[in-house]
Amino acid sequence: MRKSAFWPSLALAIGLYAATAQSESLYEGFTTPADEARPMVRWWWFGPNVDDAELVREIKAMKQGGFGGFELATLYPLTVDGNVPYLSDRHIEAVRLANETARTEGLRVDITLGSGWPFGGPHITPELASSRVKLIKLPLPARTTSVSLPDLNPGERIVASFIGTDAQTAELVEPATKDVAVCATPDERTVFIVLQTPTGQQVKRASVGGEGYVLDHMNPASVNAHLSTVGDRLMTAFSAGPPYAVFSDSLEAYGTDWTGDMLSEFQKRRGYDLKPHLLKWFEDAPDSAAIRRDWGLTLAELVEERYLTPVNDWAKTKGTRFRSQTYGHPPVRLSSVRLTDLAEGEGADWRIFSRLRWISSANHLYGKPVTSAEAWTWLHQGAFQAAPIDIKSEADTLMLQGANQFIAHGWPYSPPEAGEPGWAMYAAAVFNDHNPWWIVMPDINLYLQRMSWLLRQGEPVADVAIYLPQDDALGASKPGNVSIDGQLGRRISRTLTAQILDAGFSFDYVDDQALSAPGFRHKVLILPKVTSINPQTFKQIEAFEKAGGAVIAVDQAPTGARVFNTIPESDLSAKLVTLTTPDVIGLTPEVGFVHRKLNDSDLYFVANTGNRAVTLPLKFRAGSSGQWWNPIDATAHIWGGEPVTLAPYESRLFVFGAADKAGPAKRTPPQRRPLDGGWSIAFGDQPAKPLATFGSWTDDPAKAHYSGIVTYSRTVKLTPADLAAGLTRLSFGEGTPESIPSDRRTGSQAWLSAPVRDAAEVFVNGKRAGAVWTSPFFIDLKPHLTAGNNRIEIRVANTAINTLSGQPPANYSALTAKYGERFTPQNMNNLKPLPSGLMQAPVLETAP
């Protein structure tokens, strides 16, 4: 695959991602992956208050660290003074400089299509803001002949009024004017008023000048106002060439459940008048679930037609693409993902319902080869606390859900005057060069790039599809809370997911519309405790079954359906293995896999997401012997079917077929030589001193708050016999598993007390031999060692927390007084120094 200084067109990119290039083997692409697969970083501009020289410096640092580009996102201010208004001339000039510099450096540029999230701002009036309906109840005394309706605020209007003794028997009163005449009765009654009103939600984390209402995603005038005011203005900064993509974060317009022409659109789409049924939205009635389902489906269709499609079309007219996190509030369907150029998900726990798998499933079904992931959003839940092994821990869980493009969350712009370690976003890991362990960022990114490229090759293999109970999810809607994916975590249980994964199968989600998608080629369709399915979907499911597919209803068959194969959820694993052959046998609940099918090969990614080593009798459907590839150092090894031992958080690749790059396996007698003496240690640029003992340098009170690089060095003498025996692997130990709190999700961090805290570069005779940043903690120095004396230097870097723990907490009182409280730093109080350095003496050993 030929590399390019710039990102290819979408059509070319799809071709590159879809199949292994003819001129290179799979292994060659694995060892030297294409630039298009490099991770990106979400670059936060605070204020915005940025300096031209610092912008250029940070972009060049991104490239040096192995990032392939950035997504520019403008957020809340961090300084009282120096901020400029969002979309001002100065802001646009800064965006222009960033774009020009990135293009010169061969980096990709995406930009968020707004400040903060969800989209909105000062251009969104109350009439254009996200809205909802609420129910107002007014007492109507006996013998009253008229009632005055409440005064309306901007953006409000009365949708309908009802009068009766209760909601179920109340009658619609027309017209809904200021004063309604009523017939007097001897009974007390209630006036039920359904009022459209703005939700009042403001843009979250907005920059200076970006404040305002959240837009109505179902109102064409609102969406167009945003595209013309914000989108068109941003595009003026891209005179050197358009961004690769514009980005929309997850739909978080909370509370929205209405738009101005909802009644007419409902009538047109559902075939009946919603107005007489409005009270069933608020009060339960026998047919409330059906009304709510139709209500939510209408909202979802309007989001597709009035937000997703217009923004995607607008992006095309600007020569760019629309990258979207298509889930949330207001509701959208899994199949809605097909309407955007690039789809992105999030969520680290691979064994529950996740929005990342929602996105990757849609991409698989509709033939979209790249699934990007907003990665590490909540890693360690505090700035600067994440270490490289934490990054890999979550990255692997994202790949197990189908991710093959990483958007690191994120890179905070930070000026020199901010000091060290500089600015940070309120809730995220920090991936910039203010972090001491930045020295291994290129190594981390190479792993991510290598895996992203590889997991785009061929096609995904998933035998099982889980039908998303879309009607049930919408039928459970409540006022101000309408979301399909928001309901599914309650309906697709952890147990259901575990039953599929532990039986050795991969799976996708599928919804009503996607049952006819070109990628729906699964062998088994699971209906997870589904109550309601529309008749047309039933016909599609029956056609799937008649064509040879298996349908399993879990715990219950849908109401009114003929009896499918219905089994208890606890029996699902046993049932699946009778229907088709498992793809992988010998897994544990901590170990997952991804299978990609190529023309002449099968590729499996296998990852241990647990904090203990496991030995597994793995058997793969694609073959009984092949090769395993190390994705950290890109070495290839023969695998003959023997049990596989995976260290904590270790991942491997297994390859069967034509992609054979491994040499013959050879075994040597194991040898170990502890290197427990003769070491010196140097902090930063200070002179080296003899090392008394290994362990955390924070044990020395004088070094407790040191964040930076410490160099351990000594000379190792090797004989030709040592080299011939393969005594070349430098091992740092296995680490100690930590207790995992029951309330912490998989992937939120690596629960392992590592022997290297937190990353190390290894130099032999003055040349860099590689890095140690994840488990297993070893590096093979064979290409660099010679007979005789060898000078070994291990440069260890920790996190910035130790420095921060010695500083007083940041005082944002003046900032809050001027701009209001726009953020709250998470987990940044009562910081303590973290263990740092080499926890034990390294060992020189032969590799097995």
# chains A, B, ... in the order shown; residues from 1 in each chain; ligands from 1
call {"tool": "residues_around", "arguments": {"residues": "Asp502 of chain A", "least_positions_apart": "4", "cutoff": "12 Å", "atoms": "only C-alpha atoms", "output": "compact mmCIF listing (two decimals) with all heavy atoms, in the first residue's frame"}}
result
# COMPACT_ATOMS: atom_id res chain seq x y z
N ARG A 351 -18.67 -6.21 26.89
CA ARG A 351 -19.54 -7.32 27.24
C ARG A 351 -20.93 -6.84 27.69
O ARG A 351 -21.66 -7.56 28.36
CB ARG A 351 -18.89 -8.19 28.32
CG ARG A 351 -17.66 -8.92 27.79
CD ARG A 351 -16.96 -9.72 28.88
NE ARG A 351 -17.77 -10.82 29.37
CZ ARG A 351 -17.81 -12.05 28.84
NH1 ARG A 351 -17.09 -12.31 27.75
NH2 ARG A 351 -18.53 -12.99 29.38
N ARG A 494 -26.29 -8.06 30.02
CA ARG A 494 -24.91 -8.54 30.08
C ARG A 494 -24.87 -10.06 29.95
O ARG A 494 -23.98 -10.61 29.30
CB ARG A 494 -24.25 -8.09 31.38
CG ARG A 494 -22.81 -8.56 31.54
CD ARG A 494 -22.22 -8.08 32.84
NE ARG A 494 -21.97 -6.66 32.85
CZ ARG A 494 -20.83 -6.10 32.44
NH1 ARG A 494 -19.86 -6.86 31.97
NH2 ARG A 494 -20.67 -4.80 32.50
N THR A 495 -25.85 -10.73 30.55
CA THR A 495 -25.89 -12.19 30.48
C THR A 495 -26.09 -12.65 29.04
O THR A 495 -25.45 -13.61 28.59
CB THR A 495 -27.00 -12.74 31.38
OG1 THR A 495 -26.77 -12.34 32.72
CG2 THR A 495 -27.06 -14.26 31.31
N LEU A 496 -26.99 -12.01 28.32
CA LEU A 496 -27.23 -12.38 26.93
C LEU A 496 -25.94 -12.23 26.11
O LEU A 496 -25.56 -13.13 25.35
CB LEU A 496 -28.32 -11.50 26.34
CG LEU A 496 -28.63 -11.73 24.86
CD1 LEU A 496 -29.50 -12.95 24.69
CD2 LEU A 496 -29.28 -10.52 24.22
N THR A 497 -25.27 -11.09 26.27
CA THR A 497 -24.02 -10.87 25.55
C THR A 497 -22.98 -11.92 25.91
O THR A 497 -22.28 -12.46 25.05
CB THR A 497 -23.50 -9.46 25.84
OG1 THR A 497 -24.49 -8.50 25.48
CG2 THR A 497 -22.22 -9.17 25.07
N ALA A 498 -22.87 -12.21 27.21
CA ALA A 498 -21.89 -13.20 27.66
C ALA A 498 -22.18 -14.58 27.07
O ALA A 498 -21.24 -15.32 26.72
CB ALA A 498 -21.89 -13.26 29.18
N SER A 506 -18.79 -14.15 17.42
CA SER A 506 -18.92 -12.71 17.30
C SER A 506 -20.35 -12.39 16.91
O SER A 506 -21.07 -13.25 16.38
CB SER A 506 -17.97 -12.15 16.24
OG SER A 506 -16.64 -12.26 16.65
N PHE A 507 -20.77 -11.13 17.14
CA PHE A 507 -22.14 -10.77 16.80
C PHE A 507 -22.22 -9.31 16.39
O PHE A 507 -21.35 -8.49 16.69
CB PHE A 507 -23.08 -11.03 17.99
CG PHE A 507 -22.88 -10.12 19.17
CD1 PHE A 507 -23.56 -8.91 19.26
CD2 PHE A 507 -22.01 -10.46 20.20
CE1 PHE A 507 -23.37 -8.07 20.35
CE2 PHE A 507 -21.82 -9.63 21.29
CZ PHE A 507 -22.50 -8.42 21.36
N LEU A 572 -28.77 -20.16 26.09
CA LEU A 572 -28.43 -19.66 24.76
C LEU A 572 -27.10 -20.22 24.27
O LEU A 572 -26.98 -20.62 23.10
CB LEU A 572 -28.40 -18.14 24.78
CG LEU A 572 -28.10 -17.46 23.44
CD1 LEU A 572 -29.10 -17.88 22.38
CD2 LEU A 572 -28.12 -15.94 23.60
N SER A 573 -26.07 -20.25 25.10
CA SER A 573 -24.76 -20.77 24.67
C SER A 573 -24.89 -22.19 24.15
O SER A 573 -24.37 -22.52 23.07
CB SER A 573 -23.76 -20.72 25.82
OG SER A 573 -23.28 -19.42 26.04
N ALA A 574 -25.55 -23.02 24.93
CA ALA A 574 -25.70 -24.43 24.54
C ALA A 574 -26.46 -24.57 23.24
O ALA A 574 -26.15 -25.43 22.40
CB ALA A 574 -26.39 -25.21 25.66
N LEU A 576 -26.64 -22.29 20.75
CA LEU A 576 -25.89 -21.76 19.62
C LEU A 576 -24.93 -22.79 19.05
O LEU A 576 -24.79 -22.92 17.83
CB LEU A 576 -25.12 -20.51 20.04
CG LEU A 576 -25.94 -19.23 20.22
CD1 LEU A 576 -25.07 -18.12 20.80
CD2 LEU A 576 -26.54 -18.78 18.90
N VAL A 577 -24.25 -23.54 19.90
CA VAL A 577 -23.25 -24.49 19.39
C VAL A 577 -23.90 -25.67 18.69
O VAL A 577 -23.21 -26.43 17.99
CB VAL A 577 -22.33 -24.97 20.53
CG1 VAL A 577 -21.58 -23.80 21.14
CG2 VAL A 577 -23.10 -25.72 21.60
N PRO A 582 -18.72 -23.03 16.58
CA PRO A 582 -18.11 -21.84 17.16
C PRO A 582 -16.88 -21.41 16.37
O PRO A 582 -16.15 -22.23 15.81
CB PRO A 582 -17.73 -22.29 18.57
CG PRO A 582 -18.67 -23.42 18.88
CD PRO A 582 -18.87 -24.12 17.57
N ASP A 583 -16.66 -20.12 16.33
CA ASP A 583 -15.50 -19.58 15.62
C ASP A 583 -14.22 -19.80 16.40
O ASP A 583 -13.17 -20.05 15.83
CB ASP A 583 -15.72 -18.09 15.35
CG ASP A 583 -14.97 -17.61 14.14
OD1 ASP A 583 -14.20 -18.38 13.55
OD2 ASP A 583 -15.15 -16.43 13.76
N VAL A 584 -14.30 -19.66 17.73
CA VAL A 584 -13.13 -19.88 18.59
C VAL A 584 -13.60 -20.66 19.81
O VAL A 584 -14.62 -20.33 20.42
CB VAL A 584 -12.50 -18.55 19.04
CG1 VAL A 584 -11.28 -18.82 19.93
CG2 VAL A 584 -12.08 -17.71 17.84
N ILE A 585 -12.83 -21.67 20.17
CA ILE A 585 -13.09 -22.47 21.36
C ILE A 585 -11.92 -22.29 22.32
O ILE A 585 -10.77 -22.17 21.90
CB ILE A 585 -13.27 -23.96 21.00
CG1 ILE A 585 -14.51 -24.15 20.13
CG2 ILE A 585 -13.36 -24.83 22.26
CD1 ILE A 585 -14.68 -25.58 19.62
N GLY A 586 -12.23 -22.30 23.62
CA GLY A 586 -11.18 -22.23 24.63
C GLY A 586 -11.02 -20.87 25.27
O GLY A 586 -10.04 -20.60 25.96
N LEU A 587 -12.01 -19.99 25.07
CA LEU A 587 -11.95 -18.64 25.63
C LEU A 587 -12.33 -18.64 27.10
O LEU A 587 -12.96 -19.56 27.61
CB LEU A 587 -12.90 -17.72 24.86
CG LEU A 587 -12.67 -17.57 23.35
CD1 LEU A 587 -13.87 -16.88 22.71
CD2 LEU A 587 -11.40 -16.79 23.08
N THR A 588 -11.95 -17.59 27.79
CA THR A 588 -12.47 -17.28 29.12
C THR A 588 -13.25 -15.96 29.01
O THR A 588 -13.12 -15.24 28.00
CB THR A 588 -11.35 -17.11 30.14
OG1 THR A 588 -10.58 -15.95 29.81
CG2 THR A 588 -10.43 -18.35 30.15
N PRO A 589 -14.03 -15.60 30.02
CA PRO A 589 -14.79 -14.34 29.93
C PRO A 589 -13.92 -13.10 29.76
O PRO A 589 -14.42 -12.08 29.28
CB PRO A 589 -15.56 -14.31 31.25
CG PRO A 589 -15.72 -15.74 31.63
CD PRO A 589 -14.46 -16.41 31.19
N GLU A 590 -12.66 -13.16 30.11
CA GLU A 590 -11.78 -12.01 29.96
C GLU A 590 -11.17 -11.91 28.58
O GLU A 590 -10.57 -10.88 28.23
CB GLU A 590 -10.65 -12.05 31.00
CG GLU A 590 -11.09 -11.89 32.44
CD GLU A 590 -11.71 -13.16 33.01
OE1 GLU A 590 -11.39 -14.26 32.48
OE2 GLU A 590 -12.51 -13.05 33.96
N VAL A 591 -11.29 -12.95 27.78
CA VAL A 591 -10.59 -13.00 26.50
C VAL A 591 -11.61 -12.94 25.36
O VAL A 591 -12.55 -13.73 25.31
CB VAL A 591 -9.74 -14.28 26.38
CG1 VAL A 591 -9.03 -14.32 25.03
CG2 VAL A 591 -8.71 -14.33 27.51
N GLY A 592 -11.39 -11.99 24.47
CA GLY A 592 -12.29 -11.83 23.33
C GLY A 592 -11.52 -11.92 22.02
O GLY A 592 -10.28 -11.97 22.00
N PHE A 593 -12.26 -11.90 20.91
CA PHE A 593 -11.61 -12.02 19.60
C PHE A 593 -12.40 -11.26 18.55
O PHE A 593 -13.57 -10.95 18.71
CB PHE A 593 -11.48 -13.49 19.19
CG PHE A 593 -12.78 -14.12 18.73
CD1 PHE A 593 -13.12 -14.17 17.37
CD2 PHE A 593 -13.66 -14.67 19.65
CE1 PHE A 593 -14.31 -14.73 16.96
CE2 PHE A 593 -14.86 -15.23 19.24
CZ PHE A 593 -15.18 -15.26 17.89
call {"tool": "residues_around", "arguments": {"residues": "segment 226-241 of chain A", "least_positions_apart": "4", "cutoff": "6 Å", "atoms": "only C-alpha atoms", "output": "VMD selection string"}}
result
chain A and resid 92 95 to 96
call {"tool": "write_last_selection", "arguments": {"atoms": "N, CA and C atoms", "output": "PDB file, in the first residue's frame"}}
result
ATOM      1  N   ILE A  92     -11.112  32.518  13.331  1.00  0.00           N
ATOM      2  CA  ILE A  92     -11.049  31.944  11.983  1.00  0.00           C
ATOM      3  C   ILE A  92      -9.608  31.933  11.478  1.00  0.00           C
ATOM      4  N   VAL A  95      -7.849  28.986  12.995  1.00  0.00           N
ATOM      5  CA  VAL A  95      -8.239  27.730  12.339  1.00  0.00           C
ATOM      6  C   VAL A  95      -7.543  27.616  10.985  1.00  0.00           C
ATOM      7  N   ARG A  96      -7.465  28.731  10.260  1.00  0.00           N
ATOM      8  CA  ARG A  96      -6.801  28.717   8.955  1.00  0.00           C
ATOM      9  C   ARG A  96      -5.328  28.315   9.109  1.00  0.00           C
TER      10      ARG A  96
END
call {"tool": "residues_around", "arguments": {"residues": "segment 36-41 of chain A", "least_positions_apart": "4", "cutoff": "8 Å", "atoms": "only C-alpha atoms", "output": "list of chain:residue names"}}
result
A:Trp7, A:Gly66, A:Phe67, A:Gly68, A:Gly69, A:Phe70, A:Glu71, A:Asn404, A:Gln405, A:Phe406, A:Ile407, A:Ala408, A:His409, A:Gly410, A:Trp411, A:Phe431, A:Asn445, A:Leu446, A:Leu448, A:Gln449, A:Arg450, A:Ser452, A:Trp453
call {"tool": "write_last_selection", "arguments": {"atoms": "N, CA and C atoms", "output": "PDB file, in the first residue's frame"}}
result
ATOM      1  N   TRP A   7      -4.378  12.778   2.830  1.00  0.00           N
ATOM      2  CA  TRP A   7      -5.391  11.726   2.937  1.00  0.00           C
ATOM      3  C   TRP A   7      -6.104  11.560   1.608  1.00  0.00           C
ATOM      4  N   GLY A  66       3.364  10.391  16.378  1.00  0.00           N
ATOM      5  CA  GLY A  66       2.730   9.322  15.626  1.00  0.00           C
ATOM      6  C   GLY A  66       1.254   9.504  15.365  1.00  0.00           C
ATOM      7  N   PHE A  67       0.713  10.676  15.677  1.00  0.00           N
ATOM      8  CA  PHE A  67      -0.692  10.929  15.357  1.00  0.00           C
ATOM      9  C   PHE A  67      -0.830  11.287  13.877  1.00  0.00           C
ATOM     10  N   GLY A  68      -1.965  10.911  13.316  1.00  0.00           N
ATOM     11  CA  GLY A  68      -2.210  11.177  11.906  1.00  0.00           C
ATOM     12  C   GLY A  68      -2.978  12.442  11.641  1.00  0.00           C
ATOM     13  N   GLY A  69      -3.359  13.145  12.694  1.00  0.00           N
ATOM     14  CA  GLY A  69      -4.111  14.374  12.511  1.00  0.00           C
ATOM     15  C   GLY A  69      -4.887  14.702  13.760  1.00  0.00           C
ATOM     16  N   PHE A  70      -5.782  15.671  13.634  1.00  0.00           N
ATOM     17  CA  PHE A  70      -6.534  16.122  14.789  1.00  0.00           C
ATOM     18  C   PHE A  70      -7.947  16.504  14.381  1.00  0.00           C
ATOM     19  N   GLU A  71      -8.823  16.446  15.373  1.00  0.00           N
ATOM     20  CA  GLU A  71     -10.170  16.993  15.270  1.00  0.00           C
ATOM     21  C   GLU A  71     -10.199  18.235  16.156  1.00  0.00           C
ATOM     22  N   ASN A 404     -11.707   0.432  14.388  1.00  0.00           N
ATOM     23  CA  ASN A 404     -10.447   0.347  13.637  1.00  0.00           C
ATOM     24  C   ASN A 404      -9.938   1.733  13.245  1.00  0.00           C
ATOM     25  N   GLN A 405     -10.336   2.728  14.006  1.00  0.00           N
ATOM     26  CA  GLN A 405      -9.804   4.084  13.891  1.00  0.00           C
ATOM     27  C   GLN A 405      -9.964   4.744  15.255  1.00  0.00           C
ATOM     28  N   PHE A 406      -8.862   5.266  15.806  1.00  0.00           N
ATOM     29  CA  PHE A 406      -8.905   5.830  17.147  1.00  0.00           C
ATOM     30  C   PHE A 406      -8.877   7.354  17.089  1.00  0.00           C
ATOM     31  N   ILE A 407      -9.786   7.973  17.838  1.00  0.00           N
ATOM     32  CA  ILE A 407      -9.799   9.417  18.045  1.00  0.00           C
ATOM     33  C   ILE A 407      -9.500   9.622  19.533  1.00  0.00           C
ATOM     34  N   ALA A 408      -8.250   9.929  19.844  1.00  0.00           N
ATOM     35  CA  ALA A 408      -7.837  10.046  21.240  1.00  0.00           C
ATOM     36  C   ALA A 408      -8.491  11.255  21.885  1.00  0.00           C
ATOM     37  N   HIS A 409      -8.982  11.054  23.057  1.00  0.00           N
ATOM     38  CA  HIS A 409      -9.735  12.073  23.800  1.00  0.00           C
ATOM     39  C   HIS A 409      -8.937  12.394  25.062  1.00  0.00           C
ATOM     40  N   GLY A 410      -7.924  13.321  25.011  1.00  0.00           N
ATOM     41  CA  GLY A 410      -7.636  14.098  23.858  1.00  0.00           C
ATOM     42  C   GLY A 410      -6.341  14.860  24.122  1.00  0.00           C
ATOM     43  N   TRP A 411      -6.186  15.936  23.382  1.00  0.00           N
ATOM     44  CA  TRP A 411      -4.985  16.779  23.413  1.00  0.00           C
ATOM     45  C   TRP A 411      -5.405  18.198  23.808  1.00  0.00           C
ATOM     46  N   PHE A 431      -2.988  13.356  26.164  1.00  0.00           N
ATOM     47  CA  PHE A 431      -2.118  12.688  25.201  1.00  0.00           C
ATOM     48  C   PHE A 431      -1.085  13.629  24.602  1.00  0.00           C
ATOM     49  N   ASN A 445       1.227   4.639  19.491  1.00  0.00           N
ATOM     50  CA  ASN A 445       0.475   4.935  18.265  1.00  0.00           C
ATOM     51  C   ASN A 445       0.788   3.959  17.148  1.00  0.00           C
ATOM     52  N   LEU A 446       2.001   3.420  17.117  1.00  0.00           N
ATOM     53  CA  LEU A 446       2.310   2.421  16.102  1.00  0.00           C
ATOM     54  C   LEU A 446       1.487   1.157  16.333  1.00  0.00           C
ATOM     55  N   LEU A 448      -1.489   1.070  17.719  1.00  0.00           N
ATOM     56  CA  LEU A 448      -2.855   1.420  17.333  1.00  0.00           C
ATOM     57  C   LEU A 448      -2.996   1.527  15.816  1.00  0.00           C
ATOM     58  N   GLN A 449      -1.996   2.089  15.172  1.00  0.00           N
ATOM     59  CA  GLN A 449      -2.006   2.213  13.708  1.00  0.00           C
ATOM     60  C   GLN A 449      -1.944   0.840  13.052  1.00  0.00           C
ATOM     61  N   ARG A 450      -1.072   0.016  13.570  1.00  0.00           N
ATOM     62  CA  ARG A 450      -0.896  -1.334  13.018  1.00  0.00           C
ATOM     63  C   ARG A 450      -2.203  -2.116  13.119  1.00  0.00           C
ATOM     64  N   SER A 452      -5.269  -0.895  13.604  1.00  0.00           N
ATOM     65  CA  SER A 452      -6.341  -0.261  12.829  1.00  0.00           C
ATOM     66  C   SER A 452      -6.258  -0.651  11.364  1.00  0.00           C
ATOM     67  N   TRP A 453      -5.053  -0.637  10.816  1.00  0.00           N
ATOM     68  CA  TRP A 453      -4.893  -1.023   9.416  1.00  0.00           C
ATOM     69  C   TRP A 453      -5.303  -2.479   9.216  1.00  0.00           C
TER      70      TRP A 453
END
call {"tool": "closest_residue", "arguments": {"among": "A:Arg521, A:Lys63, A:Lys316, A:His91", "to": "Phe46 of chain A", "atoms": "only C-alpha atoms"}}
result
A:His91
call {"tool": "residues_around", "arguments": {"residues": "Phe520 of chain A", "least_positions_apart": "5", "cutoff": "10 Å", "atoms": "only C-alpha atoms", "output": "PDB file with C-alpha atoms, in the first residue's frame"}}
result
ATOM      1  CA  SER A 361     -22.701  -3.243  13.408  1.00  0.00           C
ATOM      2  CA  ALA A 362     -24.297  -0.641  11.161  1.00  0.00           C
ATOM      3  CA  HIS A 364     -20.733  -3.989   8.805  1.00  0.00           C
ATOM      4  CA  LEU A 365     -24.309  -4.190   7.570  1.00  0.00           C
ATOM      5  CA  TYR A 366     -24.002  -1.264   5.156  1.00  0.00           C
ATOM      6  CA  ALA A 462     -19.969 -12.574  12.738  1.00  0.00           C
ATOM      7  CA  ALA A 465     -27.083 -11.054  14.930  1.00  0.00           C
ATOM      8  CA  ASP A 508     -23.674  -7.639  15.321  1.00  0.00           C
ATOM      9  CA  TYR A 509     -26.841  -5.765  16.152  1.00  0.00           C
ATOM     10  CA  VAL A 510     -29.521  -5.401  13.495  1.00  0.00           C
ATOM     11  CA  ALA A 514     -31.051  -3.283   8.391  1.00  0.00           C
ATOM     12  CA  LEU A 515     -32.571  -6.745   7.999  1.00  0.00           C
ATOM     13  CA  PHE A 544     -34.520 -15.271   6.762  1.00  0.00           C
TER      14      PHE A 544
END
call {"tool": "residues_around", "arguments": {"residues": "Ala160 of chain A", "least_positions_apart": "6", "cutoff": "10 Å", "atoms": "only C-alpha atoms", "output": "list of chain:residue names"}}
result
A:Leu135, A:Leu172, A:Val173, A:Glu174, A:Pro175, A:Ala176, A:Thr177, A:Phe192, A:Ile193, A:Val194, A:Leu195, A:Gln196, A:Lys275, A:Pro276, A:Leu278, A:Leu279
call {"tool": "residues_around", "arguments": {"residues": "Asp555 of chain A", "least_positions_apart": "5", "cutoff": "8 Å", "atoms": "only C-alpha atoms", "output": "number ranges by chain"}}
result
A: 528-529, 566-569
call {"tool": "residues_around", "arguments": {"residues": "Tyr307 of chain A", "least_positions_apart": "5", "cutoff": "8 Å", "atoms": "only C-alpha atoms", "output": "PyMOL selection string"}}
result
chain A and resi 217-218+220+223+302
call {"tool": "write_last_selection", "arguments": {"atoms": "N, CA and C atoms", "output": "compact mmCIF listing (two decimals), in the first residue's frame"}}
result
# COMPACT_ATOMS: atom_id res chain seq x y z
N HIS A 217 -33.11 19.41 16.27
CA HIS A 217 -32.61 18.54 15.20
C HIS A 217 -33.69 18.12 14.22
N MET A 218 -34.95 18.43 14.52
CA MET A 218 -36.06 18.03 13.65
C MET A 218 -36.72 19.22 12.97
N PRO A 220 -36.10 21.98 10.12
CA PRO A 220 -35.20 22.37 9.03
C PRO A 220 -34.66 23.79 9.18
N VAL A 223 -31.76 23.68 11.75
CA VAL A 223 -30.55 23.05 11.21
C VAL A 223 -29.90 23.95 10.17
N LEU A 302 -37.71 12.03 11.39
CA LEU A 302 -37.45 13.45 11.17
C LEU A 302 -35.99 13.81 11.40
call {"tool": "closest_residue", "arguments": {"among": "A:Gln840, A:Thr715, A:Thr31, A:Thr736", "to": "Asp676 of chain A", "atoms": "only C-alpha atoms"}}
result
A:Gln840
call {"tool": "select_by_dssp", "arguments": {"residues": "segment 228-466 of chain A", "states": "helix (DSSP H, G or I)", "output": "count of residues only"}}
result
109
call {"tool": "select_by_dssp", "arguments": {"residues": "segment 649-837 of chain A", "states": "strand (DSSP E or B)", "output": "PyMOL selection string"}}
result
chain A and resi 651-657+672-674+680-683+689-690+709-718+727-731+736-737+752-753+756-757+759-764+767-772+778-780+788-797+837
call {"tool": "write_last_selection", "arguments": {"atoms": "C-alpha atoms", "output": "compact mmCIF listing (two decimals), in the first residue's frame"}}
result
# COMPACT_ATOMS: atom_id res chain seq x y z
CA SER A 651 -3.10 -9.23 22.64
CA ARG A 652 -2.02 -11.42 19.74
CA LEU A 653 -2.90 -12.06 16.14
CA PHE A 654 -3.43 -15.52 14.70
CA VAL A 655 -3.19 -15.94 10.94
CA PHE A 656 -4.24 -18.90 8.81
CA GLY A 657 -3.82 -19.28 5.08
CA ARG A 672 17.94 -16.34 33.33
CA ARG A 673 20.51 -13.84 34.50
CA PRO A 674 19.25 -11.33 37.08
CA SER A 680 23.42 3.85 38.42
CA ILE A 681 20.49 6.25 38.42
CA ALA A 682 20.12 9.82 37.18
CA PHE A 683 17.13 12.14 37.57
CA LYS A 689 24.61 8.09 41.31
CA PRO A 690 24.89 4.43 42.33
CA ILE A 709 12.56 10.90 33.11
CA VAL A 710 14.95 8.86 35.23
CA THR A 711 17.79 6.92 33.61
CA TYR A 712 18.97 3.55 34.94
CA SER A 713 22.23 2.35 33.41
CA ARG A 714 24.84 -0.38 33.70
CA THR A 715 27.16 -2.47 31.57
CA VAL A 716 26.35 -6.06 30.72
CA LYS A 717 29.05 -8.42 29.46
CA LEU A 718 27.95 -11.17 27.08
CA LEU A 727 20.12 -14.71 26.20
CA THR A 728 18.87 -11.44 24.78
CA ARG A 729 15.45 -10.67 26.23
CA LEU A 730 15.33 -8.02 28.93
CA SER A 731 12.42 -8.76 31.26
CA THR A 736 0.79 -7.68 40.46
CA PRO A 737 -2.97 -7.83 39.87
CA LEU A 752 -2.29 -4.08 37.39
CA SER A 753 0.56 -2.80 39.52
CA VAL A 756 7.64 -0.36 35.05
CA ARG A 757 5.97 2.85 36.17
CA ALA A 759 6.96 3.56 30.47
CA ALA A 760 10.55 3.07 29.41
CA GLU A 761 12.83 3.54 26.44
CA VAL A 762 15.70 1.07 26.25
CA PHE A 763 19.04 2.02 24.69
CA VAL A 764 21.91 -0.35 23.93
CA LYS A 767 21.08 3.37 20.17
CA ARG A 768 17.38 3.10 20.90
CA ALA A 769 16.35 -0.56 20.97
CA GLY A 770 12.67 0.03 21.64
CA ALA A 771 10.16 0.75 24.37
CA VAL A 772 8.46 -1.06 27.22
CA PHE A 778 9.98 -7.30 28.13
CA ILE A 779 11.98 -6.34 25.07
CA ASP A 780 14.23 -8.47 22.87
CA GLY A 788 31.69 -8.15 25.05
CA ASN A 789 30.51 -5.16 27.04
CA ASN A 790 27.11 -3.62 26.28
CA ARG A 791 25.96 -0.39 27.82
CA ILE A 792 22.28 -0.63 28.80
CA GLU A 793 20.26 2.51 29.51
CA ILE A 794 16.65 2.36 30.64
CA ARG A 795 14.96 5.75 30.57
CA VAL A 796 11.81 5.54 32.69
CA ALA A 797 9.04 8.13 32.63
CA GLY A 837 10.41 3.87 38.27
